[in-house]
Structures are given as structure tokens and as C-alpha cells.
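A.B. asks: Sharing a structure with you now.
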Protein chains: 2
Amino acid sequence: MALPVSPLAPTVVPTLPAIDGVRLATAAAGIRYKGRTDVLLAVLDKGTTAAGVFTTSKCPSAPVEWCRAKLKGGAARALVVNSGNANAFTGKNGNASTRLTGDIAAKAVGCKRDDVFLASTGVIGEPLDARKFDGVLATLADAATPDGWMDAAKAIMTTDTFPKVATATVKLGKAKVTINGIAKGSGMIAPDMATMLAFVFTDAPISAPALQALLKAGVTDSFNAVTVDGDTSTSDTLMMFATGAAAAHGAPKITKASDIRLKAFVKALQGLLADLAEQVARDGEGARKLIEIIVEGATTAASARKIAMSIANSPLVKTAVAGEDANWGRVVMAVGKAGQPADRDKLSISFNGIRVAKSGARDPSYDEKEVSKAMKNPTIQIKVALGLGKGRDRVLTCDLTKEYIAINGDYRS
Amino acid sequence: MALPVSPLAPTVVPTLPAIDGVRLATAAAGIRYKGRTDVLLAVLDKGTTAAGVFTTSKCPSAPVEWCRAKLKGGAARALVVNSGNANAFTGKNGNASTRLTGDIAAKAVGCKRDDVFLASTGVIGEPLDARKFDGVLATLADAATPDGWMDAAKAIMTTDTFPKVATATVKLGKAKVTINGIAKGSGMIAPDMATMLAFVFTDAPISAPALQALLKAGVTDSFNAVTVDGDTSTSDTLMMFATGAAAAHGAPKITKASDIRLKAFVKALQGLLADLAEQVARDGEGARKLIEIIVEGATTAASARKIAMSIANSPLVKTAVAGEDANWGRVVMAVGKAGQPADRDKLSISFNGIRVAKSGARDPSYDEKEVSKAMKNPTIQIKVALGLGKGRDRVLTCDLTKEYIAINGDYRS
């Protein structure tokens, strides 16, 4: 299915530099798609640490269960990602398939099976024939190079209309370290076609427990603050790998996430995660508008998050934005249904900085023409001020268009 | 906006009989629409008791707040319903408007203001000019007749494509009593156009507390088991009125909901509420398919409800059904995201009686052609067996189509 590139795609795409200790290669293993790559192998040097955050689904995919188990070791030597088949809801075969893939990758790379991490995205419920990786992964291990980040981002795409990459360079101690990230996802998840996957690599020497703490803290305002359709994949995976190669040119070895020397690194990492997450929202299936929702004045930050998510997941708010309609009544509805403290008569709402409602009623001063013009912008900010406390939050989503229905309702028929 | 009648509209529409103690009249008050009625007055005889169940929204409309306050008296003499303007999020003016409407209705009917109940549906955030009811309600009070149920159902419509009525006749003691109901709603709610309103009338002599208990119990598997888009109106209102007129021909006076003489009445009432609720789902905005979701084998009934609602509100499940795709992978996704106990490897899923998945994987015996044919049916049953316990639930929803987007995204542009 060749979809036109999202009009919200970033106009400037960075070139990702090499990261010492990471080599990449991609291939067309013929898992489902024709004429495109569908498997990525990342080979990681000895000493690489790993961290991961996964879907909250009660029915996770076999690769998610695999990664959770293998993370206990904290070490990584290889990452294998395939698109076209999610290896989810495949029963006992699913586990056999991850084991076989792990064996093939371990042999190809020359490492323990326990140091191999896996992710799969694509059709759910179809057995994944891991024998297709036999031979392919050995060839990839030989061919892997420090370049090829854009190829890697392309190989893991499903309904994505553009590859998602981000990079940052930052000082750790006196040494320069690099962080690269790639992601895919365009429904917040359509387990049959989409799923959010993201992989972040750095040469910073950071212990596995510290890396895990950094990653977990980083998702709150990035991947966990983005929604396309409120649906949660069985396969959502965010992993981070730190090769530690920067230690060779003086980067200090970090063992605690609270280490103050991490300050710049943490900021850069959070920025990179937020960048990738925003790209997912910008590639939301059928999206024409990026919607930023800011809730302030809630009783707590957690309450603000719930209200922001209620707005972000409301089909009525999302269709209104698609129709370029500053329909603040639907925003009130979404605030009201969140079940969080709210006082109708203290609510204010603005669209792209134009206040349309205040003190529980329409703002008499607003100019309908001005708002209509503002709604034509490809980026829409909806700000809700509750007037109750200091709780604040921000989430990103996209509009709900007929193309979403076409992508998710038409593709098999 | 003239929408084509839903293909899921009932083919047989009952004629509603008169109910002693209830008189109805409708008029075109010009609140928003041209060339159609938009106000309903129901005049209720002295001695009528009232019960109500309302939106859980934290930002309810002024009429909802009005009804909640007036229900404390337990008595009703008039119901005024208007379409075209929801009188929601209208600040202090909203309360002034309900008070003025109450005064006008009380004068027209000759009762206390506290015995008047109000409901409004339509645009949110626009002041409702209650002076438009002046004169109109007096004329309606004079013109009110025991007939006109279909006209009443039509006057309260917004984006509904067909009026919704239901009736039942049942024995209470040795006397025959009647229950009539009308409803409107087509988004589970689009506060700008839709909202679910339903009004039920009976001549059975039932005390207000007993009526309230019956109504509250009745919504669990009817109106609370239906969703169109997961959005909750600021104005959802279900009220029931019992005139008690059947006491004149021997119906016993009921003061407790647990009275065993109510057995047939309760069954009939629940059937009527379920019928009206199903009609709302059948008129879901843009709906082409009615979806019945049955979850069984959950740990508890409450858990089954949460899982059923997660499936019913999943945009990906709903678009798959629109595309006539038995996409059980998305059903697994929706089960998984519900956060309720579930064991992937015990799950079974069927579409219209054809099992497509069992024991955590695709059912090897199912025939894709047979399922494809079944998915063309206008009614789709999705049954999920969790295999954990005895919790069971059933909810209704509809598919998510491009027409939903058109109705909710295009209508102002």
C-alpha cells in the first residue's frame, strides 16, 4: 500500500553520524512485502548495555515477552527487527519463532542467544516463519556498517509514510557522545499494520540499570504523551543501547541515572525521544493536522494528563479539527468525560492562542473570522485552562480524517 | 442537514397507544432549524412520579443540573424538550434560561415550577433564548392530546435519521399497564449536534423512589451498554414518568422496586430500554453495521464490561468492521489494552458464530471465504471467550465509516 507522504512530515531530515560500536545492515527477507527491505540487523560491540520500555497490553507479542526476559541480563550484542509480521497472537509457535530467530542471530553475530533482542511489526496472528532469517542474518552480520541509519529506519516501516530519525551530540564529562534514534509508527497502533517501535543508540558508557531509569523517565513526556487513535499495540517497543565506546576518548563511566554529569545527556535524550514521538504523531494515519493539547490549572499533573488524553482521544474533537472547526463545545465535552476535577464555570479554552471560551461560556470578544483563519494552520494548539490548581500537561495527537478510515477499513477489501 | 435514513433503521415501527395521564404537543419554535418542529411539551396529570438518570460528565448542561435538583421532589407535571440548542456551557445565562423556561411551562400547565422537567439538545455554548417559549408553551398546553407520540419523537431529533419509539403492555397485578418510550441520539454523543435523550412514560402507579430504582437498574444493560464513539454528552438524559392512572382500573400501588408484583413490568421496562438503546446504536452517525460484542469467561461481569467497551470503542475494530474485515488481531489488541485479566493463550474469538481464533492463535479450521461472506451481514456479532471465569457482558456499537467523519468534520465547513 503506497500512501502519499504525510503533509506534516518534517522538512529537514538530519543525517545520522556513525556511533562507535554499532553496525547496521538491512535486507529484503520476503516476509510479506515485495520489492522492499523488511529486516534490520544491528550488531553491537561487546560491553553494550540495554534498556527497554514495552506495551502495557495484557496480550503482548512474543518478541515483547522475549525482550522483557532477556533484559534481565542488561547486555546486548544484536537487535533484529522485521516488518510485515508482528509475531503476535501466534500461540506457542510465536515463542518457538523468537527462539529460532535468536539462535540464528546469535550464530551470525557470534554471541549468546540471551544477548539478542527482537522486535516484529506487521500482521498479527500469522505465524512468522523464522527460517526466512536463516542465511539472511549471517549475510547481514558480514555486511553491517556504521552507516545506513536511514536504510534502517526504512526497513522497519509499515503504514508509515516517511522514515523517522533523530540525532543529538552532547558532552558527557569532557567527551563528545552521540545519540541516534529511529522509530516507526503511524497508528498509535493498528496491530495489523502499524505498532510503534523505536530504537535509540549511544556510545555513552552507561550501566544497564542507569540506562533503564533514564529511558523510563524519558517516555513520560514523549512516547507516552502521543496518541493517534487511543489503541495500544500488542508490540509497542522502545529500546536503548549504550555501547560505551566513548569511554575510549574520555567519557566517564556512569552507573547511576542521578549522576549530575548526565545533565546535558538527559536533556538531549528527552529531546530526541520527544522528536521521534512527534514524528509518529505527524505520521498519524490519514493525519492532516498535528494537534498539541495543553491543559493547565488542573488539580495535579496526573489529572492534567488524563484530561489532555481525553481530549486527544475524542473522535469528535479530532473530526472537528479535521473540519477546521474551532468546536470548543466538544472540548468541554471531552473535559467533562475525563472524570477529573473540573468546574464548568472556570473553564477557558483557546485555539492557536485565540480564546474562544472563558468562565464557562463563549468568550464574547472572539472573532469567528480570525478563528476560522487560524484553524487552516497545519498545526493546531488547543489550550484548556481549568483554573483550579497548578497541574499542567502537554500531549500530541493528530486529526481524524476519512483517510484514517480508508487506511484501516479499506486495505483488505 | 438532511442525512439519508440509516440502513440499520428498524423495518417495523410500532404505533404507540395513549397513556392515561399523558398529553403531548409539539411546535416549531424556531430555535435553530427551519421548517421542522423543535419543541415538545408533555403535560402530566397530578400524582405523576418522576425518575431520572443523567450524564456522568463533570461539565453537565444547565437542564441536567435543573432536573437533578427538581427530582428531589419526586413529582412531575410537565416535560419540555427542545432540539437545536443544548443550553450547555452557557454560564450563568444557562441557569437563567432554565428558570425562565420553567416559569413559562408552569404557567402554561398550571403547576409549580419545581414540577417541570427540562431537556435540551443541539448546539453547545450558544445562549438559549427561553423567551422563544413564551406563548408557544401555553398554546401547546391547550393543544396537547394523548396521541402524537411519533411527532414527539420527531421533534427531539438532531442528527438522528429516524425517530425512535418503543412500547410495551404488561400486567401489573390484574390490571393492564402500558409503557411508552421515545429517544434520540446518534453519536453516543456529539455535544454540538447529537446527545442521547430518552423519555419513558407509564400509567403504572409506582412511587418515585421505586421508579428511580427501576430506572437505574434498567440502564446497565441498555443505555449504558451502547456506545457510538465513546464520547459522553454534557446533556445525556433518561427520564421516566409514572402517572399512576392505572390504579383506577385496579393496578396495585407500588412503593418498592423489590415488589414481586413488578416482575413482568421490570422485564418489559428493561426490554423497552434495551430496544431504544439499540435504536440509538442503529442510528450511530454514519453507521452501516450494528456490532454486538459479547465477552464471556472473564473473571467478573465488571471486567467483561470493561473489555467489551474497550473493543466497542476501538477505532481500529470499528473501521475493520466497516471494511468487512474479520480482523481478530485488532480484537486481541482491544482486549489487551483494556487492562483487565486476560491470558493470550486462552483467548477465542468468533465473528458471527465462526471461530477465527482459539488458544491464542488463529483457528486452523476456519474458512476465510465463509468469514468474508459473514462479514457482509449488516449485523456483526463479535464474541470473545477469555476462558478465565464466569464473567459475561454484552454491548452494542456500530462501525466507524467515512460518513462519521463527514457528519462530524464537514458540517460547519
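By order in the C-alpha cells, chains are A, B, ...; within a chain, residues start at 1; ligands start at 1, following the order shown.
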Among range 128-260 of chain B, which ones does DSSP assign to alpha helix (DSSP H) (computed from the backbone)? Answer as a PyMOL selection string.

C.D. replies: chain B and resi 136-143+149-155+208-219

A.B. asks: Excluding range 58-68 of chain A and its own-chain neighbours fewer than 6 positions away, which residues fall within 10 Å of it when counting only C-alpha atoms? Please give them as a PyMOL selection string.

C.D. replies: (chain A and resi 51-52+81+86-99+102+114-121+124-125+191+233-237+239) or (chain B and resi 332-345+347+360)

A.B. asks: Please produce an output containing C-alpha atoms for each residue in the selection, written as a compact mmCIF listing (two decimals), in the first residue's frame.

C.D. replies:
# COMPACT_ATOMS: atom_id res chain seq x y z
CA ALA A 51 17.20 -0.88 28.38
CA GLY A 52 13.61 -1.20 27.24
CA VAL A 81 13.75 -6.08 13.71
CA ALA A 86 4.22 -8.87 14.19
CA ASN A 87 4.58 -12.42 15.56
CA ALA A 88 1.75 -11.51 17.89
CA PHE A 89 -1.05 -13.85 18.95
CA THR A 90 0.75 -16.75 17.38
CA GLY A 91 0.47 -19.07 20.36
CA LYS A 92 3.32 -21.42 21.21
CA ASN A 93 4.64 -21.09 17.66
CA GLY A 94 5.37 -17.46 18.45
CA ASN A 95 7.79 -18.41 21.18
CA ALA A 96 9.41 -21.06 19.01
CA SER A 97 9.85 -18.43 16.33
CA THR A 98 11.57 -15.93 18.64
CA ARG A 99 13.86 -18.69 19.92
CA GLY A 102 17.56 -15.63 18.49
CA ASP A 114 20.44 -14.15 25.61
CA ASP A 115 22.17 -11.05 24.21
CA VAL A 116 19.92 -10.87 21.14
CA PHE A 117 16.89 -8.55 21.16
CA LEU A 118 13.95 -8.83 18.80
CA ALA A 119 11.07 -6.72 17.53
CA SER A 120 8.44 -7.51 14.93
CA THR A 121 5.75 -5.35 13.38
CA ILE A 124 -0.93 -10.09 13.75
CA GLY A 125 -1.97 -13.71 14.14
CA PRO A 191 -1.71 -4.15 15.44
CA SER A 233 -0.37 -2.20 20.25
CA THR A 234 0.49 -5.68 21.42
CA SER A 235 4.03 -4.89 20.23
CA ASP A 236 4.99 -1.35 21.25
CA THR A 237 8.70 -1.37 21.97
CA MET A 239 14.76 0.07 23.38
CA VAL B 332 -6.89 -9.08 20.62
CA MET B 333 -5.35 -5.61 20.72
CA ALA B 334 -8.53 -4.18 22.28
CA VAL B 335 -8.72 -7.00 24.83
CA GLY B 336 -5.08 -6.39 25.70
CA LYS B 337 -5.44 -2.65 26.17
CA ALA B 338 -8.43 -2.96 28.50
CA GLY B 339 -6.06 -3.62 31.40
CA GLN B 340 -8.24 -6.47 32.66
CA PRO B 341 -7.16 -10.03 33.43
CA ALA B 342 -6.65 -11.87 30.14
CA ASP B 343 -4.50 -14.80 29.09
CA ARG B 344 -3.48 -14.52 25.48
CA ASP B 345 -3.13 -18.27 25.12
CA LEU B 347 -8.46 -16.45 24.08
CA GLY B 360 -4.04 -17.77 21.50

A.B. asks: Could you name the residues that touch Met157 in chain A at 10 Å or less, counting only C-alpha atoms, but leaving out those on the same chain fewer than 5 positions away, as an mmCIF file with N, CA and C atoms, in the first residue's frame?

C.D. replies:
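Dumped everything to around.cif:
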data_model
loop_
_atom_site.group_PDB
_atom_site.id
_atom_site.type_symbol
_atom_site.label_atom_id
_atom_site.label_comp_id
_atom_site.auth_asym_id
_atom_site.auth_seq_id
_atom_site.Cartn_x
_atom_site.Cartn_y
_atom_site.Cartn_z
ATOM 1 N N THR A 37 12.920 -3.590 1.668
ATOM 2 C CA THR A 37 13.597 -4.241 2.780
ATOM 3 C C THR A 37 12.616 -4.460 3.922
ATOM 4 N N ASP A 38 12.835 -5.505 4.684
ATOM 5 C CA ASP A 38 11.917 -5.815 5.781
ATOM 6 C C ASP A 38 12.625 -6.401 6.998
ATOM 7 N N ASN A 82 11.999 -7.009 12.315
ATOM 8 C CA ASN A 82 11.402 -7.254 10.994
ATOM 9 C C ASN A 82 10.069 -6.545 10.878
ATOM 10 N N SER A 83 9.711 -6.149 9.679
ATOM 11 C CA SER A 83 8.387 -5.605 9.397
ATOM 12 C C SER A 83 7.632 -6.620 8.542
ATOM 13 N N GLY A 84 6.293 -6.474 8.525
ATOM 14 C CA GLY A 84 5.483 -7.377 7.708
ATOM 15 C C GLY A 84 4.759 -8.430 8.525
ATOM 16 N N THR A 121 6.921 -6.201 13.599
ATOM 17 C CA THR A 121 5.749 -5.351 13.376
ATOM 18 C C THR A 121 5.125 -5.708 12.043
ATOM 19 N N GLY A 122 3.797 -5.719 12.024
ATOM 20 C CA GLY A 122 3.101 -6.077 10.793
ATOM 21 C C GLY A 122 1.844 -6.839 11.139
ATOM 22 N N ALA A 152 18.012 1.754 7.795
ATOM 23 C CA ALA A 152 17.468 1.038 8.949
ATOM 24 C C ALA A 152 16.054 1.542 9.269
ATOM 25 N N PHE A 162 6.808 8.171 6.041
ATOM 26 C CA PHE A 162 8.191 8.655 5.963
ATOM 27 C C PHE A 162 9.011 7.992 7.076
ATOM 28 N N PRO A 163 10.328 7.782 6.821
ATOM 29 C CA PRO A 163 11.176 7.217 7.870
ATOM 30 C C PRO A 163 11.425 8.250 8.953
ATOM 31 N N LYS A 164 11.584 7.777 10.184
ATOM 32 C CA LYS A 164 11.701 8.679 11.340
ATOM 33 C C LYS A 164 13.071 8.516 11.985
ATOM 34 N N ALA A 183 12.560 5.379 14.544
ATOM 35 C CA ALA A 183 11.242 4.966 15.030
ATOM 36 C C ALA A 183 10.333 4.661 13.867
ATOM 37 N N LYS A 184 9.283 3.906 14.163
ATOM 38 C CA LYS A 184 8.205 3.707 13.199
ATOM 39 C C LYS A 184 6.887 3.674 13.964
ATOM 40 N N GLY A 185 5.816 4.022 13.268
ATOM 41 C CA GLY A 185 4.515 4.029 13.922
ATOM 42 C C GLY A 185 3.666 5.082 13.273
ATOM 43 N N SER A 186 2.401 4.780 13.047
ATOM 44 C CA SER A 186 1.554 5.793 12.429
ATOM 45 C C SER A 186 0.105 5.677 12.887
ATOM 46 N N MET A 193 -1.117 -3.498 11.196
ATOM 47 C CA MET A 193 -0.259 -2.816 10.231
ATOM 48 C C MET A 193 0.729 -1.848 10.883
ATOM 49 N N ALA A 194 0.411 -1.308 12.024
ATOM 50 C CA ALA A 194 1.239 -0.200 12.488
ATOM 51 C C ALA A 194 2.158 -0.567 13.657
ATOM 52 N N THR A 195 1.832 -0.315 14.872
ATOM 53 C CA THR A 195 2.716 -0.544 16.030
ATOM 54 C C THR A 195 3.795 0.513 16.093
ATOM 55 N N MET A 196 4.077 0.947 17.295
ATOM 56 C CA MET A 196 5.161 1.897 17.488
ATOM 57 C C MET A 196 6.414 1.144 17.920
ATOM 58 N N LEU A 197 7.468 1.289 17.160
ATOM 59 C CA LEU A 197 8.770 0.743 17.548
ATOM 60 C C LEU A 197 9.784 1.884 17.510
#

A.B. asks: Name the closest residue to chain B among the candidates A:Pro315, A:Pro209, A:Pro146, A:Pro10; distances are taken between atoms, counting only C-alpha atoms.

C.D. replies: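 Selected residue with least distance to chain B: A:Pro315.
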
A.B. asks: Name all residues at most 9 Å from Gly284 in chain A (count only C-alpha atoms; drop same-chain ones fewer than 3 positions away) and give them as a PyMOL selection string.

C.D. replies: chain A and resi 6+160+185-188+227-229+279-281+287-288+290+397-400+404

A.B. asks: Which one is closest to Phe133 in chain A: A:Lys358, A:Arg23, A:Lys107, A:Lys171? Count only C-alpha atoms.

C.D. replies: A:Lys107

A.B. asks: Find the residues near Glu278 in chain A: any atom within 8 Å, counting only C-alpha atoms, skip ones fewer than 2 places away on the same chain, and give them as a CSV table (one decimal) with N, CA and C atoms, in the first residue's frame.

C.D. replies:
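Okay, around06.csv is ready:
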chain,number,residue,atom,x,y,z
A,222,SER,N,7.2,12.0,26.1
A,222,SER,CA,7.5,11.8,24.7
A,222,SER,C,6.5,10.7,24.2
A,226,VAL,N,1.8,10.9,23.4
A,226,VAL,CA,1.4,10.9,22.0
A,226,VAL,C,0.3,9.9,21.8
A,274,ALA,N,11.3,13.0,22.4
A,274,ALA,CA,10.1,13.8,22.0
A,274,ALA,C,10.1,14.1,20.5
A,275,ASP,N,11.2,14.3,19.9
A,275,ASP,CA,11.3,14.5,18.5
A,275,ASP,C,10.7,13.3,17.7
A,276,LEU,N,11.2,12.1,18.1
A,276,LEU,CA,10.7,10.9,17.4
A,276,LEU,C,9.2,10.7,17.7
A,280,VAL,N,6.0,10.5,15.0
A,280,VAL,CA,4.9,9.5,15.0
A,280,VAL,C,3.5,10.1,14.8
A,281,ALA,N,3.3,11.2,15.6
A,281,ALA,CA,2.0,11.9,15.6
A,281,ALA,C,1.9,12.6,14.2
A,282,ARG,N,3.0,13.1,13.7
A,282,ARG,CA,2.9,13.7,12.4
A,282,ARG,C,2.6,12.8,11.2
A,396,LEU,N,0.4,15.3,22.3
A,396,LEU,CA,0.3,15.5,20.9
A,396,LEU,C,-0.6,14.4,20.3

A.B. asks: Tell me, as a PyMOL selection string, which residues lie within 8 Å of Ala50 in chain A, counting only C-alpha atoms; anything in the same chain fewer than 2 positions away does not count.

C.D. replies: chain A and resi 48+52+71+74-76+208+211-212+239-242

A.B. asks: By how many Å are CA of Asp259 in chain A and CA of Gly218 in chain A apart?

C.D. replies: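 Computing it gives 15.6 Å between the two atoms.
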
A.B. asks: With distances taken over only C-alpha atoms, which residue among A:Asp231, A:Glu296, A:Asp363, A:Asp393 lies nearest chain B?

C.D. replies: A:Asp231

A.B. asks: Running DSSP on the backbone, which parts of range 287-391 of chain A land in strand (DSSP E or B), as a VMD selection string?

C.D. replies: chain A and resid 290 to 298 348 to 351 354 to 358 361 to 362 379 to 385 391

A.B. asks: What does the structure give for the distance between CA of Gly110 in chain A and CA of Met150 in chain A, in Å to one decimal?

C.D. replies: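 Separation of CA of Gly110 in chain A and CA of Met150 in chain A: 25.4 Å.
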
A.B. asks: Could you tell me which of B:Ile206, B:Ile311, B:Ile405, B:Val109 comes closest to Thr255 in chain B if we count only C-alpha atoms?

C.D. replies: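 Of B:Ile206, B:Ile311, B:Ile405, B:Val109, the one nearest Thr255 in chain B is B:Ile206, counting only C-alpha atoms.
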
A.B. asks: Do you have the CA of Glu285 in chain A-CA of Val331 in chain A distance handy?

C.D. replies: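 These two atoms are separated by 22.0 Å.
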